[in-house]
Each structure stands twice: as C-alpha cells, then as structure tokens.
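What follows is a set of notes on a single structure, which appears directly below.
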Amino acid sequence: MAETAREIADELRERIRSGELRPGARLPGEPALVKQYGVAKETARRALTLLVTEGLAVRRKGSGTYVREFQPIRRVANKRLAQEAWGSARSIWSADIGARPMTVADLRVYETEATGEVARALGLEEGVSVVVRDRLYVVEGEPVQSAVSYLPAALVRGTAITQEDTGAGGVYARLAELGAKPVRFVEELRARMPSPDESDRLRLAEGTPVVEIYRTALTEDGTAVEVNRMLLDAGVYVMEYHITG
C-alpha cells in the first residue's frame, strides 16, 4: 500500500538522524521515491518538502535535495543574556555559536519616531525619537536571524550605540556604562509564516516558518531601555530554556 508523505519523510528523517544519510548526502529524488513507495509524484515531492521546511534538507536547483550540512544553532536564552557574558566584553552570540564564524550584514543605524508597540514597550509617547539598529546575522555564510533594536534616543544619542561598531560587550555593555544596565529581560515568542520580504532576506526555503521574538531589556527600577524584534529561521534553531522551580 502506498505510504503518505509524512510516513516517507519519517523514514528519511530517521536515516538522517542515524547517520546513514550524512550531511551533504543527496536524498532519493522524486522518481526514486515514487518507485520505492508506490506513491504519486506529488506525494514524493511533499515528503521532501517536509524535510526542507524542518531544516533537515536543502534543495539545490537543477541538482536535487540534500541533507543539510549546516549544524543547528542551540539558543540558550538564560545563558546568552547572562551578565557574565556581555559584562565581560563577550558577544551574547558567543553563547550560541562558540567559535563558528559569524558576520553582521545589512547594518543600518538611524533615528526615527517611536510608534505603536515600540512606544508602549519603551514607555514613551508616540513620536518621541528612538535609535534603531537594524541588522542581519550570518553564520557560516547562511543568514539565520534578522534583528531590529529600538532604544530611547535621549538615552543613547551620541554614544557608541549609535555607531556601527558598539565595542566590546555590545549594546548592553554600553547601556551599563550609561547607568542603564539591563538586569532583567522579557521575551515573547511566536511561530508564524514569513512575509515574502522576510523570506527573501533570510533566504528561506519555500514553506519554512520563522520564530519571532520580542525582547525587552529592563533596568533595576523596571525602566525599559531596549526593545529587540528578532526573526529566526526556524529550520536552523533549537530553543533551550533552563527553568528553576
């Protein structure tokens, strides 16, 4: 009896996880799956698409579908936001990727007026100026996350936070130097499908979802000093949280 796309994907996924199909290996093509499982070509295509959207495989135009060589990024929120990291002049990204090469692309820093959700999160009146840091993070040549930070312009104007290079320890270290050290963070997460522009920027395969995270950084007295809207390629991230009861 013909199997479903999900069942075929399950079998291929197990072969990937067992190491039988190693990173970079070519997966069976649609004709091979049709012959092996006795399914329609569309079912075979959906099975491969499931693996692509899960981040386990990538399509190469005119060549086929291959096991993804890029290793997932393990994002441990508790660890990456700990003060001992950015407070000791390390990037918070070091907690995620270790020594893996990372670059920042499409960086723009500018001032604009706070509106809507950003103004409310920062406790500002609409129309008050905020500094925006908009950038794309690229790990091992693959775009994995876009991020847009908003900070009160009255607090950070004229500081290194308004420069492309914020210096060792990044934005949070500079905020600490301004007497606005973040000591608490609130993150809200949701999964959704990306817009066409978001897909293009992150170079997402068709059907790949994103994880959208809104993070607010707060000082000791509860003042919000940054709002950061992050968009992550769901296919390359593992989200890990350590919770003490």
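Residue numbering restarts at 1 for every chain of the structure tokens, chains are lettered A, B, ... in their displayed order, and ligands are numbered from 1 as they appear.
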Subject >> Distance query A:Arg75 at most 12 Å, only C-alpha atoms, self and fewer than 6 positions along chain excluded, as a list of chain:residue names >> reply: A:Leu81, A:Ile92, A:Trp93, A:Ser94, A:Ala95, A:Asp96, A:Ile97, A:Gly98, A:Val144, A:Gln145, A:Val211, A:Leu232, A:Ala234, A:Val236, A:Tyr237, A:Val238, A:Met239, A:Glu240, A:Tyr241, A:His242
Can you spit out the residues from that selection as an mmCIF file, in the first residue's frame, using C-alpha atoms?
data_model
loop_
_atom_site.group_PDB
_atom_site.id
_atom_site.type_symbol
_atom_site.label_atom_id
_atom_site.label_comp_id
_atom_site.auth_asym_id
_atom_site.auth_seq_id
_atom_site.Cartn_x
_atom_site.Cartn_y
_atom_site.Cartn_z
ATOM 1 C CA LEU A 81 21.657 37.014 28.276
ATOM 2 C CA ILE A 92 25.987 37.326 23.513
ATOM 3 C CA TRP A 93 26.331 35.369 20.274
ATOM 4 C CA SER A 94 29.316 33.508 21.703
ATOM 5 C CA ALA A 95 26.885 31.525 23.866
ATOM 6 C CA ASP A 96 25.033 30.361 20.751
ATOM 7 C CA ILE A 97 27.742 29.575 18.233
ATOM 8 C CA GLY A 98 31.053 29.347 20.081
ATOM 9 C CA VAL A 144 19.958 32.886 10.321
ATOM 10 C CA GLN A 145 18.405 35.869 12.064
ATOM 11 C CA VAL A 211 10.230 32.237 15.107
ATOM 12 C CA LEU A 232 14.801 33.476 13.314
ATOM 13 C CA ALA A 234 13.004 28.079 12.449
ATOM 14 C CA VAL A 236 18.238 26.163 11.940
ATOM 15 C CA TYR A 237 17.444 26.852 15.598
ATOM 16 C CA VAL A 238 16.943 24.753 18.704
ATOM 17 C CA MET A 239 15.403 26.800 21.537
ATOM 18 C CA GLU A 240 16.604 25.766 25.010
ATOM 19 C CA TYR A 241 15.476 27.154 28.372
ATOM 20 C CA HIS A 242 16.656 26.323 31.877
#
**OP:** as number ranges by chain, please: all residues of stretch 38-201 of chain A that backbone DSSP puts in strand (DSSP E).
**Re:** A: 57-60, 64-67, 73-76, 102-113, 129-139, 142-152, 184-192
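Here the question is which of A:Val58, A:Val118, A:Ile161, A:Met193 gets nearest to A:Leu178 using only C-alpha atoms, and that residue is A:Ile161.
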Original post:
Residues at most 12 Å from stretch 138-141 of chain A, counting only C-alpha atoms, excluding those fewer than 6 positions away in the same chain, as a list in words?
Top reply: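 Contacts, with the query itself left out: Glu69, Phe70, Gln71, Pro72, Ile73, Trp93, Ser94, Asp96, Ile97, Gly98, Ala99, Arg100, Pro101, Met102, Thr103, Val104, Ala105, Asp106, Leu107, Ala147, Arg201, Leu202, Arg203, Leu232, Asp233, Val236 and Tyr237 of chain A.
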Subject >> Polymer residues at most 8 Å from A:Tyr110, only C-alpha atoms, same-chain spacing of 3 or more positions, as a list of chain:residue names >> reply: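 The contact residues come out as A:Val131, A:Val132, A:Arg133, A:Thr162.
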**OP:** To one decimal in Å, tell me the separation between atom CA of A:Leu151 and atom CA of A:Thr216.
**Re:**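 Interatomic distance, atom CA of A:Leu151 to atom CA of A:Thr216: 10.2 Å.
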**OP:** Would you mind reading off the distance between atom CA of A:Thr115 and atom CA of A:Glu177, one decimal, in Å?
**Re:**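 Interatomic distance here is 27.1 Å.
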Original post:
Pick from A:Ser146, A:Thr159, A:Thr166, A:Ser195: nearest to A:Asn228, with only C-alpha atoms counted?
Top reply: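 Answer, going by the shortest atom-to-atom distance: A:Ser146.
Neighbours of A:Leu27 closer than or equal to 9 Å, with only C-alpha atoms counted and sequence neighbours fewer than 2 positions away skipped, come out as Leu12, Leu21, Ala25, Gly29, Leu48, Ala57, Gly64, Thr65, Tyr66 and Val67 of chain A.
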**OP:** Can you check which residues of stretch 8-199 of chain A DSSP gives as alpha helix (DSSP H) on the backbone and send them as number ranges by chain?
**Re:** A: 8-18, 30-37, 41-53, 77-80, 83-86, 94-97, 116-122, 153-156, 170-177, 196-199
Original post:
Which residues come within 12 Å of A:Pro31, counting only C-alpha atoms, excluding same-chain residues fewer than 2 positions away, as a list in words?
Top reply: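 Once the adjacent positions are removed, what remains is Leu27, Pro28, Gly29, Leu33, Val34, Lys35, Gln36, Tyr37, Gly38, Val39, Ala40, Lys41, Glu42, Thr43, Ala44, Arg45, Leu48 and Gly64 of chain A.
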**OP:** Provide the atom CA of A:Val210 to atom CA of A:Glu111 distance in Å, to one decimal place.
**Re:**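 Computed distance, atom CA of A:Val210 to atom CA of A:Glu111, equals 27.0 Å.
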Original post:
Near A:Glu187, within 7 Å and counting only C-alpha atoms, which residues show up once chain neighbours fewer than 6 positions away are dropped, as number ranges by chain?
Top reply: A: 213-216
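Distances here use only C-alpha atoms; by that measure, the residue among A:Ala153, A:Val109, A:Ile8, A:Ala224 closest to A:Gly127 is A:Ala153.
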Subject >> Given only C-alpha atoms as the counted atoms, nearest of A:Ala217, A:Arg108, A:Gly222, A:Arg6 to A:Asp165 >> reply: A:Arg108
